[in-house]
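Asker: Can you read through this structure? Questions will come right after.
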Amino acid sequence: MVFILLFSLFFFSVGMQAQSTDEKPAMMTDLIKTQKEAQAKKDLENSRKIQKQKQKAEKEAERRGGKKSKASEPFIMEKTAGKVYVFGVSQSLGGDLVYITEICTIDSIALQKKTNFLPFRSSFSVQLQRYTEGVLGQSNQTVSIFFSDKMDKLTKTLKDVKKRYLANDNKTVNTITHDDFYFIHPLDMIGNTSETEQTAEGSL
């Protein structure tokens, strides 16, 4: 009797393990399906945000009486051929600390024709503001973004900016190196940028 009972328990245990093994592929399939659905939803949301920005830019161009040519649009909504160089300055107005980044190279972006404006320049400001406020713990930061499509020209500007702040005895200049912070292409972070910011834009 005991033998029969043990024999039954053995086959019951084997049956449960087999069932568990059969369930694993199904669970993995469901997990992959869920991940794909979540990614598709995220891609759709990003696409809608890009379209909304584009429509807003077109309405602004119409309001100003401008043409809808690519050169006159305030935003470029896709990556383009080209390369720009960017560095930023972050400080609290009235404060004594100044943070200056090293020059970062941004690929797949070009300055707008005619205006020489940097597309998505407010996004670069947000990136540095988030770093100085969120990571470095500095409050009420105002960010200035400097850019050019010529490395030697921006290098000279960086030296001039540092020299100006270093000449002020009330300012302490801190360099933010590439190891700590690096600007990224704004289209790679669509959906993560904030619309609330205080910026002072600088261009060459």
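Letters A, B, ... go to the chains of the structure tokens in the order shown; residues in each chain start at 1; ligands are counted from 1 in the same order.
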Compile the contact shell of A:Ile176 as a list in words: residues with an atom at most 7 Å away, counting only C-alpha atoms, same-chain residues fewer than 5 positions apart removed.
Answerer: Tyr99, Ile100, Thr101, Glu102 and Phe181 of chain A
Asker: Those selected residues, please, written with N, CA and C atoms and delivered as a compact mmCIF listing (two decimals), in the first residue's frame.
Answerer:
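Output saved as again-v7.txt:
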```
# COMPACT_ATOMS: atom_id res chain seq x y z
N TYR A 99 29.03 76.94 -14.29
CA TYR A 99 29.36 75.64 -14.84
C TYR A 99 29.44 75.75 -16.36
N ILE A 100 30.57 75.32 -16.92
CA ILE A 100 30.78 75.37 -18.37
C ILE A 100 31.13 73.98 -18.87
N THR A 101 30.42 73.51 -19.88
CA THR A 101 30.68 72.18 -20.42
C THR A 101 31.83 72.24 -21.42
N GLU A 102 32.39 71.08 -21.68
CA GLU A 102 33.32 70.97 -22.79
C GLU A 102 32.52 70.96 -24.10
N PHE A 181 29.03 64.66 -18.33
CA PHE A 181 27.86 65.13 -19.07
C PHE A 181 28.20 65.28 -20.55
```
Asker: Enter the distance from atom CA of A:Val86 to atom CA of A:Ile106, in Å, rounded to one decimal.
Answerer: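 If I compute the distance from atom CA of A:Val86 to atom CA of A:Ile106, I get 7.4 Å.
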Asker: Could you work out how far atom CA of A:Tyr182 lies from atom CA of A:Ser90, giving the answer in Å with one decimal?
Answerer: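 Interatomic distance, atom CA of A:Ser90 to atom CA of A:Tyr182: 14.0 Å.
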Asker: One decimal, in Å: what's the spacing between atom CA of A:Gly82 and atom CA of A:Met189?
Answerer: 19.0 Å
Asker: May I have all residues of stretch 93-198 of chain A that DSSP, computed from the backbone, assigns to alpha helix (DSSP H), given as a CSV table (one decimal) with N, CA, C and O atoms, in the first residue's frame?
Answerer:
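Saved file result.csv follows:
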```csv
chain,number,residue,atom,x,y,z
A,121,ARG,N,17.3,74.1,-30.0
A,121,ARG,CA,18.3,74.6,-29.1
A,121,ARG,C,17.7,74.7,-27.7
A,121,ARG,O,18.5,74.6,-26.7
A,122,SER,N,16.4,74.8,-27.5
A,122,SER,CA,15.9,74.8,-26.1
A,122,SER,C,16.0,73.4,-25.5
A,122,SER,O,16.2,73.4,-24.2
A,123,SER,N,16.0,72.4,-26.3
A,123,SER,CA,16.2,71.0,-25.7
A,123,SER,C,17.6,70.9,-25.1
A,123,SER,O,17.8,70.2,-24.1
A,124,PHE,N,18.6,71.5,-25.8
A,124,PHE,CA,20.0,71.4,-25.3
A,124,PHE,C,20.1,72.2,-23.9
A,124,PHE,O,20.7,71.8,-23.0
A,125,SER,N,19.3,73.3,-23.8
A,125,SER,CA,19.3,74.0,-22.6
A,125,SER,C,18.7,73.1,-21.4
A,125,SER,O,19.2,73.1,-20.3
A,126,VAL,N,17.6,72.4,-21.8
A,126,VAL,CA,16.9,71.6,-20.8
A,126,VAL,C,17.9,70.5,-20.3
A,126,VAL,O,17.9,70.2,-19.1
A,127,GLN,N,18.6,69.9,-21.2
A,127,GLN,CA,19.6,68.8,-20.9
A,127,GLN,C,20.6,69.3,-19.8
A,127,GLN,O,20.8,68.6,-18.8
A,128,LEU,N,21.1,70.5,-20.0
A,128,LEU,CA,22.1,71.0,-19.1
A,128,LEU,C,21.5,71.5,-17.8
A,128,LEU,O,22.0,71.3,-16.7
A,129,GLN,N,20.3,72.1,-17.9
A,129,GLN,CA,19.6,72.5,-16.7
A,129,GLN,C,19.2,71.3,-15.8
A,129,GLN,O,19.4,71.4,-14.6
A,130,ARG,N,18.8,70.2,-16.4
A,130,ARG,CA,18.5,69.1,-15.7
A,130,ARG,C,19.7,68.5,-15.0
A,130,ARG,O,19.6,68.0,-13.8
A,151,MET,N,34.4,74.0,-35.6
A,151,MET,CA,35.0,73.7,-34.3
A,151,MET,C,36.0,74.8,-33.9
A,151,MET,O,36.0,75.2,-32.7
A,152,ASP,N,36.9,75.3,-34.8
A,152,ASP,CA,37.8,76.3,-34.4
A,152,ASP,C,37.2,77.6,-33.9
A,152,ASP,O,37.6,78.3,-33.0
A,153,LYS,N,36.1,78.0,-34.5
A,153,LYS,CA,35.4,79.2,-34.2
A,153,LYS,C,34.7,79.0,-32.8
A,153,LYS,O,34.8,80.0,-32.0
A,154,LEU,N,34.1,77.9,-32.5
A,154,LEU,CA,33.5,77.7,-31.2
A,154,LEU,C,34.6,77.5,-30.1
A,154,LEU,O,34.3,77.9,-29.0
A,155,THR,N,35.7,76.9,-30.4
A,155,THR,CA,36.8,76.8,-29.5
A,155,THR,C,37.3,78.2,-29.0
A,155,THR,O,37.5,78.4,-27.8
A,156,LYS,N,37.3,79.1,-29.9
A,156,LYS,CA,37.7,80.5,-29.6
A,156,LYS,C,36.7,81.2,-28.7
A,156,LYS,O,37.0,81.8,-27.7
A,157,THR,N,35.4,80.9,-29.0
A,157,THR,CA,34.3,81.4,-28.2
A,157,THR,C,34.4,80.9,-26.8
A,157,THR,O,34.2,81.6,-25.8
A,158,LEU,N,34.6,79.6,-26.7
A,158,LEU,CA,34.7,79.0,-25.3
A,158,LEU,C,35.9,79.6,-24.5
A,158,LEU,O,35.7,79.9,-23.3
A,159,LYS,N,37.0,79.9,-25.1
A,159,LYS,CA,38.1,80.5,-24.4
A,159,LYS,C,37.7,81.9,-24.0
A,159,LYS,O,38.0,82.3,-22.8
A,160,ASP,N,37.0,82.6,-24.8
A,160,ASP,CA,36.6,84.0,-24.5
A,160,ASP,C,35.6,84.0,-23.3
A,160,ASP,O,35.7,84.9,-22.4
A,161,VAL,N,34.7,83.1,-23.3
A,161,VAL,CA,33.7,83.0,-22.3
A,161,VAL,C,34.3,82.6,-21.0
A,161,VAL,O,34.0,83.3,-19.9
A,162,LYS,N,35.2,81.7,-20.9
A,162,LYS,CA,35.9,81.3,-19.7
A,162,LYS,C,36.7,82.5,-19.2
A,162,LYS,O,36.8,82.8,-18.0
A,163,LYS,N,37.4,83.2,-20.1
A,163,LYS,CA,38.2,84.3,-19.7
A,163,LYS,C,37.4,85.4,-19.1
A,163,LYS,O,37.8,86.0,-18.1
A,164,ARG,N,36.2,85.6,-19.6
A,164,ARG,CA,35.3,86.7,-19.1
A,164,ARG,C,34.9,86.3,-17.6
A,164,ARG,O,34.9,87.2,-16.7
A,165,TYR,N,34.5,85.0,-17.4
A,165,TYR,CA,34.1,84.7,-16.1
A,165,TYR,C,35.3,84.6,-15.1
A,165,TYR,O,35.1,85.0,-13.9
A,166,LEU,N,36.4,84.1,-15.5
A,166,LEU,CA,37.6,84.0,-14.7
A,166,LEU,C,38.1,85.4,-14.2
A,166,LEU,O,38.7,85.5,-13.2
```
Asker: Could you give me, as a PDB file with N, CA, C and O atoms, in the first residue's frame, the residues within 7 Å of A:Phe87, counting only C-alpha atoms and dropping anything in the same chain fewer than 2 positions from it?
Answerer:
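Wrote it out as part04.pdb, contents follow:
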```
ATOM      1  N   THR A 101      30.416  73.513 -19.875  1.00  0.00           N
ATOM      2  CA  THR A 101      30.683  72.180 -20.417  1.00  0.00           C
ATOM      3  C   THR A 101      31.831  72.240 -21.417  1.00  0.00           C
ATOM      4  O   THR A 101      32.179  73.296 -21.938  1.00  0.00           O
ATOM      5  N   GLU A 102      32.390  71.085 -21.683  1.00  0.00           N
ATOM      6  CA  GLU A 102      33.321  70.968 -22.795  1.00  0.00           C
ATOM      7  C   GLU A 102      32.525  70.963 -24.097  1.00  0.00           C
ATOM      8  O   GLU A 102      31.308  70.755 -24.093  1.00  0.00           O
ATOM      9  N   ILE A 103      33.192  71.191 -25.204  1.00  0.00           N
ATOM     10  CA  ILE A 103      32.505  71.210 -26.500  1.00  0.00           C
ATOM     11  C   ILE A 103      32.085  69.795 -26.878  1.00  0.00           C
ATOM     12  O   ILE A 103      32.880  68.861 -26.844  1.00  0.00           O
ATOM     13  N   CYS A 104      30.818  69.636 -27.223  1.00  0.00           N
ATOM     14  CA  CYS A 104      30.275  68.349 -27.633  1.00  0.00           C
ATOM     15  C   CYS A 104      29.971  68.366 -29.137  1.00  0.00           C
ATOM     16  O   CYS A 104      29.538  69.378 -29.673  1.00  0.00           O
ATOM     17  N   ILE A 145      23.365  78.499 -24.352  1.00  0.00           N
ATOM     18  CA  ILE A 145      23.885  77.510 -25.288  1.00  0.00           C
ATOM     19  C   ILE A 145      24.637  78.224 -26.406  1.00  0.00           C
ATOM     20  O   ILE A 145      24.120  79.147 -27.031  1.00  0.00           O
ATOM     21  N   PHE A 146      25.875  77.800 -26.653  1.00  0.00           N
ATOM     22  CA  PHE A 146      26.703  78.362 -27.714  1.00  0.00           C
ATOM     23  C   PHE A 146      26.955  77.259 -28.747  1.00  0.00           C
ATOM     24  O   PHE A 146      27.207  76.120 -28.383  1.00  0.00           O
ATOM     25  N   PHE A 147      26.901  77.606 -30.011  1.00  0.00           N
ATOM     26  CA  PHE A 147      27.010  76.577 -31.042  1.00  0.00           C
ATOM     27  C   PHE A 147      27.611  77.140 -32.322  1.00  0.00           C
ATOM     28  O   PHE A 147      27.597  78.354 -32.575  1.00  0.00           O
TER      29      PHE A 147
END
```
Asker: Using only C-alpha atoms, which of the listed residues (A:Ser148, A:Thr34, A:Ser139, A:Gln112) sits closest to A:Val84?
Answerer: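 Distance minimum relative to A:Val84 lands on A:Ser148.
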